[in-house]
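Next comes my_file12.cif, a file with mmCIF, C-alpha atoms.
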```
data_my_file
#
loop_
_atom_site.label_atom_id
_atom_site.label_comp_id
_atom_site.auth_asym_id
_atom_site.auth_seq_id
_atom_site.Cartn_x
_atom_site.Cartn_y
_atom_site.Cartn_z
CA MET G 1 -315.77 208.50 29.04
CA LYS G 2 -314.30 211.93 29.73
CA LEU G 3 -316.27 215.00 28.61
CA PHE G 4 -314.35 218.16 27.72
CA LYS G 5 -316.06 221.51 27.31
CA THR G 6 -313.00 223.76 27.11
CA ILE G 7 -310.09 223.88 24.69
CA ASP G 8 -307.55 223.98 27.49
CA ALA G 9 -308.87 220.82 29.17
CA MET G 10 -309.00 218.93 25.86
CA GLN G 11 -305.44 219.93 24.95
CA LYS G 12 -304.03 219.06 28.38
CA TRP G 13 -305.62 215.60 28.26
CA SER G 14 -304.33 214.94 24.73
CA LEU G 15 -300.81 216.09 25.62
CA GLN G 16 -300.73 213.76 28.62
CA GLU G 17 -301.95 210.82 26.54
CA LYS G 18 -299.22 211.48 23.98
CA ARG G 19 -296.58 211.80 26.70
CA ASP G 20 -297.72 208.40 27.92
CA GLY G 21 -296.95 207.04 24.45
CA LYS G 22 -300.55 206.59 23.31
CA ARG G 23 -301.81 207.17 19.78
CA ILE G 24 -304.94 209.31 19.52
CA SER G 25 -307.54 208.45 16.90
CA PHE G 26 -310.12 211.16 16.19
CA VAL G 27 -313.66 211.25 14.77
CA PRO G 28 -314.95 214.80 14.19
CA THR G 29 -318.75 215.01 13.81
CA MET G 30 -321.64 217.46 13.89
CA GLY G 31 -323.64 215.12 16.11
CA ALA G 32 -327.01 213.51 15.30
CA LEU G 33 -325.03 210.28 15.26
CA HIS G 34 -326.22 207.36 13.13
CA GLU G 35 -324.71 204.02 12.18
CA GLY G 36 -322.42 205.72 9.67
CA HIS G 37 -320.81 207.74 12.46
CA LEU G 38 -320.65 204.70 14.72
CA SER G 39 -318.78 202.78 12.02
CA LEU G 40 -316.19 205.61 11.98
CA ILE G 41 -315.74 205.22 15.74
CA ARG G 42 -315.25 201.47 15.36
CA GLU G 43 -312.68 202.12 12.63
CA ALA G 44 -310.92 204.68 14.82
CA LYS G 45 -310.36 202.00 17.47
CA LYS G 46 -308.21 200.10 14.96
CA HIS G 47 -305.86 203.04 14.52
CA GLY G 48 -305.29 204.39 18.01
CA ASP G 49 -304.89 203.52 21.66
CA VAL G 50 -307.52 206.10 22.63
CA VAL G 51 -310.46 207.50 20.63
CA VAL G 52 -311.67 211.09 20.76
CA LEU G 53 -315.04 212.16 19.37
CA SER G 54 -316.02 215.78 18.77
CA ILE G 55 -319.58 217.06 18.41
CA TYR G 56 -319.88 220.55 16.96
CA VAL G 57 -322.29 222.02 14.40
CA ASN G 58 -319.92 224.32 12.55
CA PRO G 59 -321.65 227.51 11.37
CA ALA G 60 -318.82 228.42 9.01
CA GLN G 61 -319.69 225.57 6.63
CA PHE G 62 -323.35 226.54 6.21
CA GLY G 63 -324.51 229.01 3.57
CA PRO G 64 -326.98 231.83 4.34
CA ASN G 65 -330.03 229.86 3.13
CA GLU G 66 -329.00 226.44 4.44
CA ASP G 67 -330.24 224.42 7.39
CA LEU G 68 -327.95 225.57 10.22
CA GLN G 69 -330.82 226.51 12.56
CA ASN G 70 -332.72 223.29 11.88
CA TYR G 71 -329.77 220.89 11.84
CA PRO G 72 -330.74 217.96 14.10
CA LYS G 73 -329.28 218.00 17.60
CA THR G 74 -329.45 214.82 19.69
CA LEU G 75 -326.69 215.33 22.25
CA ASP G 76 -327.97 212.95 24.96
CA ALA G 77 -328.40 210.12 22.48
CA ASP G 78 -325.02 210.92 20.91
CA LEU G 79 -323.23 210.69 24.23
CA ASP G 80 -325.03 207.44 25.00
CA HIS G 81 -323.77 205.99 21.68
CA ALA G 82 -320.24 207.15 22.48
CA LYS G 83 -320.28 205.53 25.92
CA LYS G 84 -321.56 202.24 24.53
CA LEU G 85 -318.69 202.19 22.04
CA PHE G 86 -316.18 203.01 24.79
CA VAL G 87 -315.06 206.33 23.34
CA ASP G 88 -312.34 207.64 25.65
CA ALA G 89 -313.13 211.35 25.38
CA THR G 90 -315.72 213.60 23.75
CA PHE G 91 -315.04 217.25 23.00
CA LEU G 92 -317.98 219.67 22.98
CA PRO G 93 -316.81 223.11 21.85
CA THR G 94 -319.05 226.15 21.43
CA ASP G 95 -319.12 228.85 18.76
CA ASP G 96 -317.42 231.42 20.97
CA MET G 97 -314.55 228.97 21.58
CA ILE G 98 -313.99 228.16 17.92
CA TYR G 99 -314.74 231.62 16.50
CA PRO G 100 -314.13 234.17 19.30
CA ASP G 101 -314.67 237.89 18.79
CA GLY G 102 -312.24 239.24 16.21
CA TYR G 103 -311.67 235.86 14.55
CA GLN G 104 -310.37 236.31 10.98
CA THR G 105 -308.20 233.34 9.96
CA TYR G 106 -309.50 230.78 7.46
CA ILE G 107 -307.98 227.95 5.45
CA ASN G 108 -308.88 227.52 1.80
CA VAL G 109 -307.86 224.54 -0.35
CA GLU G 110 -308.02 225.98 -3.84
CA ASN G 111 -308.72 223.68 -6.81
CA MET G 112 -310.29 220.67 -5.12
CA THR G 113 -313.14 222.77 -3.74
CA LYS G 114 -314.24 224.38 -7.03
CA ASN G 115 -316.16 221.44 -8.54
CA LEU G 116 -319.06 219.31 -7.24
CA CYS G 117 -320.43 220.70 -3.95
CA GLY G 118 -318.00 223.60 -4.06
CA ALA G 119 -319.66 224.99 -7.19
CA SER G 120 -323.02 225.54 -5.46
CA ARG G 121 -321.69 225.96 -1.90
CA PRO G 122 -318.70 228.31 -2.43
CA GLU G 123 -317.97 228.98 1.26
CA HIS G 124 -318.64 225.45 2.51
CA PHE G 125 -315.18 223.91 2.27
CA ARG G 126 -313.44 226.97 3.67
CA GLY G 127 -315.54 226.40 6.76
CA VAL G 128 -314.80 222.67 6.80
CA THR G 129 -311.03 222.96 6.45
CA THR G 130 -310.82 225.77 8.98
CA VAL G 131 -312.73 223.95 11.71
CA VAL G 132 -310.94 220.65 11.05
CA ALA G 133 -307.55 222.38 11.27
CA LYS G 134 -308.57 223.96 14.58
CA LEU G 135 -309.84 220.64 15.92
CA PHE G 136 -306.56 218.97 14.92
CA ASN G 137 -304.65 221.63 16.86
CA ILE G 138 -306.86 221.10 19.90
CA VAL G 139 -307.18 217.29 19.92
CA MET G 140 -303.71 216.62 18.44
CA PRO G 141 -304.68 213.27 16.88
CA ASP G 142 -302.32 210.83 15.18
CA SER G 143 -305.12 209.68 12.88
CA ALA G 144 -308.57 210.96 11.93
CA ILE G 145 -311.41 209.05 10.30
CA PHE G 146 -313.76 210.55 7.68
CA GLY G 147 -316.60 208.92 5.76
CA GLU G 148 -316.39 208.47 1.99
CA LYS G 149 -319.97 209.69 1.53
CA ASP G 150 -318.49 213.19 1.84
CA PHE G 151 -315.77 212.26 -0.61
CA GLN G 152 -314.90 215.82 -1.62
CA GLN G 153 -314.46 216.67 2.05
CA LEU G 154 -312.19 213.64 2.52
CA VAL G 155 -309.81 214.45 -0.34
CA THR G 156 -309.84 218.17 0.52
CA ILE G 157 -308.74 217.42 4.09
CA LYS G 158 -306.07 215.03 2.82
CA ARG G 159 -304.77 217.83 0.60
CA MET G 160 -304.79 220.33 3.47
CA VAL G 161 -302.91 217.94 5.75
CA LYS G 162 -300.31 217.26 3.07
CA ASP G 163 -299.85 220.89 2.06
CA LEU G 164 -299.59 222.17 5.65
CA ASN G 165 -297.39 219.28 6.89
CA MET G 166 -299.85 218.27 9.59
CA PRO G 167 -298.74 215.05 11.37
CA VAL G 168 -302.16 213.40 11.06
CA GLU G 169 -303.02 210.28 9.07
CA ILE G 170 -306.35 210.78 7.28
CA ILE G 171 -308.32 207.55 6.85
CA GLY G 172 -311.39 207.19 4.66
CA HIS G 173 -314.17 204.78 5.58
CA PRO G 174 -316.74 203.35 3.10
CA ILE G 175 -320.31 204.62 2.85
CA VAL G 176 -322.77 202.97 5.21
CA ARG G 177 -326.24 202.51 3.72
CA GLU G 178 -329.74 201.99 5.04
CA PRO G 179 -331.43 198.66 4.15
CA ASP G 180 -333.10 200.40 1.18
CA GLY G 181 -329.74 201.59 -0.17
CA VAL G 182 -329.99 205.24 0.88
CA ALA G 183 -326.64 206.53 2.15
CA MET G 184 -326.86 207.22 5.88
CA SER G 185 -327.06 210.93 6.66
CA SER G 186 -328.25 213.04 9.57
CA ARG G 187 -330.41 214.89 7.02
CA ASN G 188 -332.40 211.74 6.17
CA LYS G 189 -334.56 212.66 9.17
CA TYR G 190 -336.00 215.54 7.14
CA LEU G 191 -337.48 213.23 4.46
CA SER G 192 -341.17 212.37 4.27
CA ASP G 193 -342.14 208.81 3.34
CA GLU G 194 -342.64 209.84 -0.29
CA GLU G 195 -339.34 211.71 -0.38
CA ARG G 196 -337.55 208.73 1.15
CA VAL G 197 -338.73 206.59 -1.78
CA ALA G 198 -337.35 209.23 -4.17
CA ALA G 199 -334.02 209.25 -2.30
CA ARG G 200 -333.48 205.61 -3.23
CA SER G 201 -332.99 206.62 -6.85
CA LEU G 202 -329.61 208.17 -6.07
CA ASN G 203 -328.00 204.87 -5.14
CA GLN G 204 -330.02 203.01 -7.75
CA SER G 205 -328.68 205.29 -10.48
CA LEU G 206 -325.11 204.78 -9.21
CA GLU G 207 -325.59 201.02 -9.30
CA PHE G 208 -326.95 201.31 -12.85
CA ALA G 209 -323.86 203.29 -13.91
CA ASN G 210 -321.62 200.68 -12.29
CA GLU G 211 -323.37 197.98 -14.32
CA MET G 212 -322.88 200.00 -17.52
CA ILE G 213 -319.17 200.44 -16.84
CA ASP G 214 -318.73 196.78 -15.86
CA ALA G 215 -320.33 195.90 -19.21
CA GLY G 216 -317.67 197.95 -20.99
CA GLU G 217 -319.32 201.34 -21.46
CA THR G 218 -316.74 204.16 -21.35
CA ASP G 219 -318.63 207.01 -23.03
CA ILE G 220 -318.94 209.53 -20.20
CA LYS G 221 -321.72 211.55 -21.83
CA LYS G 222 -323.80 208.42 -22.31
CA ILE G 223 -323.21 207.26 -18.72
CA LEU G 224 -324.16 210.64 -17.23
CA LEU G 225 -327.24 210.91 -19.45
CA LYS G 226 -328.54 207.51 -18.36
CA VAL G 227 -327.92 208.35 -14.70
CA LYS G 228 -329.76 211.65 -15.07
CA GLU G 229 -332.72 209.95 -16.76
CA ARG G 230 -333.08 207.49 -13.89
CA ILE G 231 -332.95 210.21 -11.25
CA LYS G 232 -335.41 212.45 -13.07
CA SER G 233 -337.92 209.61 -13.14
CA GLU G 234 -338.34 210.14 -9.38
CA SER G 235 -339.95 213.05 -7.53
CA ILE G 236 -336.76 215.05 -7.05
CA SER G 237 -337.11 218.82 -7.06
CA LYS G 238 -333.58 219.60 -8.26
CA VAL G 239 -330.45 217.80 -9.43
CA ASP G 240 -327.50 219.90 -8.32
CA TYR G 241 -324.88 217.90 -10.20
CA ILE G 242 -324.04 214.52 -11.68
CA ASN G 243 -320.31 214.38 -12.40
CA LEU G 244 -317.74 211.73 -13.22
CA VAL G 245 -314.42 212.99 -11.91
CA ASN G 246 -310.86 211.97 -11.26
CA ALA G 247 -311.00 210.57 -7.72
CA ASN G 248 -307.67 212.17 -6.79
CA THR G 249 -308.09 215.68 -8.23
CA LEU G 250 -311.93 215.92 -8.49
CA GLU G 251 -311.58 217.35 -12.01
CA ASP G 252 -314.20 216.29 -14.58
CA LEU G 253 -313.06 213.35 -16.69
CA LYS G 254 -313.02 213.69 -20.47
CA GLU G 255 -312.51 209.96 -20.88
CA PHE G 256 -313.12 207.21 -18.36
CA ARG G 257 -310.06 206.28 -16.33
CA ARG G 258 -309.72 204.84 -12.86
CA PRO G 259 -309.62 205.92 -10.11
CA ALA G 260 -312.87 207.71 -10.87
CA LEU G 261 -315.74 208.98 -8.78
CA LEU G 262 -319.34 209.26 -9.92
CA ALA G 263 -320.86 211.88 -7.62
CA ILE G 264 -324.45 213.10 -7.28
CA ALA G 265 -326.14 215.88 -5.34
CA ALA G 266 -329.91 216.36 -5.47
CA VAL G 267 -332.58 218.23 -3.57
CA ILE G 268 -335.48 216.04 -2.48
CA GLY G 269 -338.29 218.15 -1.10
CA LYS G 270 -336.21 220.70 0.80
CA THR G 271 -333.39 218.31 1.68
CA ARG G 272 -330.09 218.25 -0.19
CA LEU G 273 -328.52 214.79 -0.30
CA ILE G 274 -325.25 213.56 -1.78
CA ASP G 275 -324.07 210.12 -2.82
CA ASN G 276 -321.23 208.63 -4.86
CA HIS G 277 -319.62 205.50 -6.23
CA LEU G 278 -315.86 205.04 -6.37
CA PHE G 279 -314.31 203.18 -9.30
CA GLU G 280 -310.91 202.13 -7.99
#
```
What would you get if you wrote out this structure as structure tokens?
Amino acid sequence: MKLFKTIDAMQKWSLQEKRDGKRISFVPTMGALHEGHLSLIREAKKHGDVVVLSIYVNPAQFGPNEDLQNYPKTLDADLDHAKKLFVDATFLPTDDMIYPDGYQTYINVENMTKNLCGASRPEHFRGVTTVVAKLFNIVMPDSAIFGEKDFQQLVTIKRMVKDLNMPVEIIGHPIVREPDGVAMSSRNKYLSDEERVAARSLNQSLEFANEMIDAGETDIKKILLKVKERIKSESISKVDYINLVNANTLEDLKEFRRPALLAIAAVIGKTRLIDNHLFE
């Protein structure tokens, strides 16, 4: 596996691979790799001749009171995972590479970032789209793989790529869950044993909503109320949102129609977790 620590070296390698007729498949991450990330790498192998992984904790997507300083960093273990999965190249940029002195250009996808996580994290998606656009310019992938746990991120990046005519195929990959049903996340490491039990209620409430809808329930207010009741029965300090939205536009649904997304964000202890269920 090749390791690139400069933009110039990463770009030169990618250009040569493309000149040799190879398709580049890309998995951008913030490190602290878990099985969810590894599943994205395995998926990437299906869509390209070579796979590039990036590891970069992007400060622009963290708010002033969020966990940037404490975000888990496990670089040695991450690189070991990448080697075992035969990743072809890993890109390790630094803040001064991505945001050098005088940096002032950002990308903002308007409507899709206003609801759900965008309502409580107003600068988050501007940071996400900006760093992803920069990474696309550096790595020059033909395809890029993103997890559906961060569903708003996935559709926002799809919108950016379409609007800006970027020649990158964006591929979503299903949520990977722990044996107890908790969606895999690097932030799960923050949870105490008691908080981990509470975290299970997110997926459990989504499953309950799925059962309601399968049984014919279409009253959105009733569905959201039942989901909220099940989450509040656990020791969760704050429910950020529980929304049923159009899966393409992320606008709140007034009546149930597919494709729909039931999305949840909650704070458990001091850890903010998200989860969702897609009704296709």
Can you pull out the residues contacting stretch 164-180 of chain G? Cut-off 9 Å, using all atoms listed in the file, and skip same-chain residues under 4 positions away; I want them as a PDB file with C-alpha atoms, in the coordinates of the input.
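As a result, selection_9.pdb now contains:
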```pdb
ATOM      1  CA  GLU G  35    -324.710 204.020  12.180  1.00  0.00           C
ATOM      2  CA  GLY G  36    -322.420 205.720   9.670  1.00  0.00           C
ATOM      3  CA  HIS G  37    -320.810 207.740  12.460  1.00  0.00           C
ATOM      4  CA  SER G  39    -318.780 202.780  12.020  1.00  0.00           C
ATOM      5  CA  LEU G  40    -316.190 205.610  11.980  1.00  0.00           C
ATOM      6  CA  GLU G  43    -312.680 202.120  12.630  1.00  0.00           C
ATOM      7  CA  ALA G  44    -310.920 204.680  14.820  1.00  0.00           C
ATOM      8  CA  ALA G 133    -307.550 222.380  11.270  1.00  0.00           C
ATOM      9  CA  PHE G 136    -306.560 218.970  14.920  1.00  0.00           C
ATOM     10  CA  MET G 140    -303.710 216.620  18.440  1.00  0.00           C
ATOM     11  CA  PRO G 141    -304.680 213.270  16.880  1.00  0.00           C
ATOM     12  CA  ASP G 142    -302.320 210.830  15.180  1.00  0.00           C
ATOM     13  CA  SER G 143    -305.120 209.680  12.880  1.00  0.00           C
ATOM     14  CA  ALA G 144    -308.570 210.960  11.930  1.00  0.00           C
ATOM     15  CA  ILE G 145    -311.410 209.050  10.300  1.00  0.00           C
ATOM     16  CA  PHE G 146    -313.760 210.550   7.680  1.00  0.00           C
ATOM     17  CA  GLY G 147    -316.600 208.920   5.760  1.00  0.00           C
ATOM     18  CA  GLU G 148    -316.390 208.470   1.990  1.00  0.00           C
ATOM     19  CA  LYS G 149    -319.970 209.690   1.530  1.00  0.00           C
ATOM     20  CA  ASP G 150    -318.490 213.190   1.840  1.00  0.00           C
ATOM     21  CA  PHE G 151    -315.770 212.260  -0.610  1.00  0.00           C
ATOM     22  CA  LEU G 154    -312.190 213.640   2.520  1.00  0.00           C
ATOM     23  CA  VAL G 155    -309.810 214.450  -0.340  1.00  0.00           C
ATOM     24  CA  ILE G 157    -308.740 217.420   4.090  1.00  0.00           C
ATOM     25  CA  LYS G 158    -306.070 215.030   2.820  1.00  0.00           C
ATOM     26  CA  ARG G 159    -304.770 217.830   0.600  1.00  0.00           C
ATOM     27  CA  MET G 160    -304.790 220.330   3.470  1.00  0.00           C
ATOM     28  CA  MET G 184    -326.860 207.220   5.880  1.00  0.00           C
ATOM     29  CA  SER G 185    -327.060 210.930   6.660  1.00  0.00           C
ATOM     30  CA  VAL G 197    -338.730 206.590  -1.780  1.00  0.00           C
ATOM     31  CA  ARG G 200    -333.480 205.610  -3.230  1.00  0.00           C
ATOM     32  CA  ASP G 275    -324.070 210.120  -2.820  1.00  0.00           C
ATOM     33  CA  ASN G 276    -321.230 208.630  -4.860  1.00  0.00           C
TER      34      ASN G 276
END
```
Quiz prompt | Exercise: residues within 12 Å of coordinate (-306.3, 216.1, -4.5), counting all atoms listed in the file, as a ChimeraX atom specification | solution = /G:109-115,151-163,245-251
Kindly export the residues of the current selection with C-alpha atoms, as a PDB file, keeping the file's coordinate frame.
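Output contents, as saved in again.pdb:
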```pdb
ATOM      1  CA  VAL G 109    -307.860 224.540  -0.350  1.00  0.00           C
ATOM      2  CA  GLU G 110    -308.020 225.980  -3.840  1.00  0.00           C
ATOM      3  CA  ASN G 111    -308.720 223.680  -6.810  1.00  0.00           C
ATOM      4  CA  MET G 112    -310.290 220.670  -5.120  1.00  0.00           C
ATOM      5  CA  THR G 113    -313.140 222.770  -3.740  1.00  0.00           C
ATOM      6  CA  LYS G 114    -314.240 224.380  -7.030  1.00  0.00           C
ATOM      7  CA  ASN G 115    -316.160 221.440  -8.540  1.00  0.00           C
ATOM      8  CA  PHE G 151    -315.770 212.260  -0.610  1.00  0.00           C
ATOM      9  CA  GLN G 152    -314.900 215.820  -1.620  1.00  0.00           C
ATOM     10  CA  GLN G 153    -314.460 216.670   2.050  1.00  0.00           C
ATOM     11  CA  LEU G 154    -312.190 213.640   2.520  1.00  0.00           C
ATOM     12  CA  VAL G 155    -309.810 214.450  -0.340  1.00  0.00           C
ATOM     13  CA  THR G 156    -309.840 218.170   0.520  1.00  0.00           C
ATOM     14  CA  ILE G 157    -308.740 217.420   4.090  1.00  0.00           C
ATOM     15  CA  LYS G 158    -306.070 215.030   2.820  1.00  0.00           C
ATOM     16  CA  ARG G 159    -304.770 217.830   0.600  1.00  0.00           C
ATOM     17  CA  MET G 160    -304.790 220.330   3.470  1.00  0.00           C
ATOM     18  CA  VAL G 161    -302.910 217.940   5.750  1.00  0.00           C
ATOM     19  CA  LYS G 162    -300.310 217.260   3.070  1.00  0.00           C
ATOM     20  CA  ASP G 163    -299.850 220.890   2.060  1.00  0.00           C
ATOM     21  CA  VAL G 245    -314.420 212.990 -11.910  1.00  0.00           C
ATOM     22  CA  ASN G 246    -310.860 211.970 -11.260  1.00  0.00           C
ATOM     23  CA  ALA G 247    -311.000 210.570  -7.720  1.00  0.00           C
ATOM     24  CA  ASN G 248    -307.670 212.170  -6.790  1.00  0.00           C
ATOM     25  CA  THR G 249    -308.090 215.680  -8.230  1.00  0.00           C
ATOM     26  CA  LEU G 250    -311.930 215.920  -8.490  1.00  0.00           C
ATOM     27  CA  GLU G 251    -311.580 217.350 -12.010  1.00  0.00           C
TER      28      GLU G 251
END
```
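Here atom CA of G:Met1 and atom CA of G:Tyr99 stand 26.3 Å from one another.
Atom CA of G:Ser120 sits 20.1 Å away from atom CA of G:Val227.
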Self-check item: Picked residues, the PyMOL selection byres ((chain G and resi 85) around 10), expected as a PyMOL selection string
Solution: chain G and resi 1+38+41-42+45+51+79-84+86-88
Quiz item: Taking into account only C-alpha atoms, which residue in the set G:Leu33, G:Met97, G:Leu206, G:Ile223 is nearest to G:Ala77?
Solution: G:Leu33
Self-check item: Which of G:Ala183, G:Ala265, G:Leu278, G:Ala60 sits closest to G:Ala119 [using all atoms listed in the file]
Solution: G:Ala265
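Across G:Ser235, G:Thr218, G:Asn108, G:Asn137, the tightest approach to G:Lys270 is made by G:Ser235 when counting only C-alpha atoms.
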Quiz item: If you apply the PyMOL selection byres ((chain G and resi 279) around 12) to this file, what residues do you get, as a ChimeraX atom specification?
Solution: /G:206-207,209-211,213-214,244-248,256-263,276-278,280
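In this comparison, which uses only C-alpha atoms, the residue of G:Phe4, G:Phe91, G:Phe62, G:Tyr71 approaching G:Phe125 most closely is G:Phe62.
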Exercise. Could you expand the PyMOL selection byres ((chain G and resi 17) around 12) into the explicit residues it covers here, written as a PyMOL selection string?
Key: chain G and resi 10-16+18-25+48-52+88-89+139-142
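With all atoms listed in the file as the atoms that count, the residue of G:Leu92, G:Ile138, G:Leu68, G:Leu224 with the shortest distance to G:Leu253 is G:Leu224.
Take the candidates G:Asp8, G:Ser205, G:His47, G:Ile231 and check each one against G:Phe26 using all atoms listed in the file; the shortest distance goes to G:His47.
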Self-check item: atom CA of G:Ser54 to atom CA of G:Pro28, distance in Å rounded to a single decimal
Solution: 4.8 Å
Each residue of stretch 28-135 of chain G with at least one atom at most 12 Å from stretch 187-195 of chain G should appear once, together with its nearest atom pair and the corresponding distance in Å (one decimal); atoms considered: all atoms listed in the file; ordering: chain, then increasing residue number; output as CSV.
```
residue,atom,partner,partner_atom,distance
G:Met30,CA,G:Arg187,CA,11.4
G:Gly31,CA,G:Arg187,CA,11.3
G:Ala32,CA,G:Arg187,CA,9.1
G:Leu33,CA,G:Arg187,CA,10.9
G:His34,CA,G:Asn188,CA,10.3
G:Glu66,CA,G:Arg187,CA,11.9
G:Asp67,CA,G:Arg187,CA,9.5
G:Leu68,CA,G:Arg187,CA,11.4
G:Asn70,CA,G:Tyr190,CA,9.7
G:Tyr71,CA,G:Arg187,CA,7.7
G:Pro72,CA,G:Arg187,CA,7.7
G:Lys73,CA,G:Arg187,CA,11.1
G:Thr74,CA,G:Lys189,CA,11.9
```
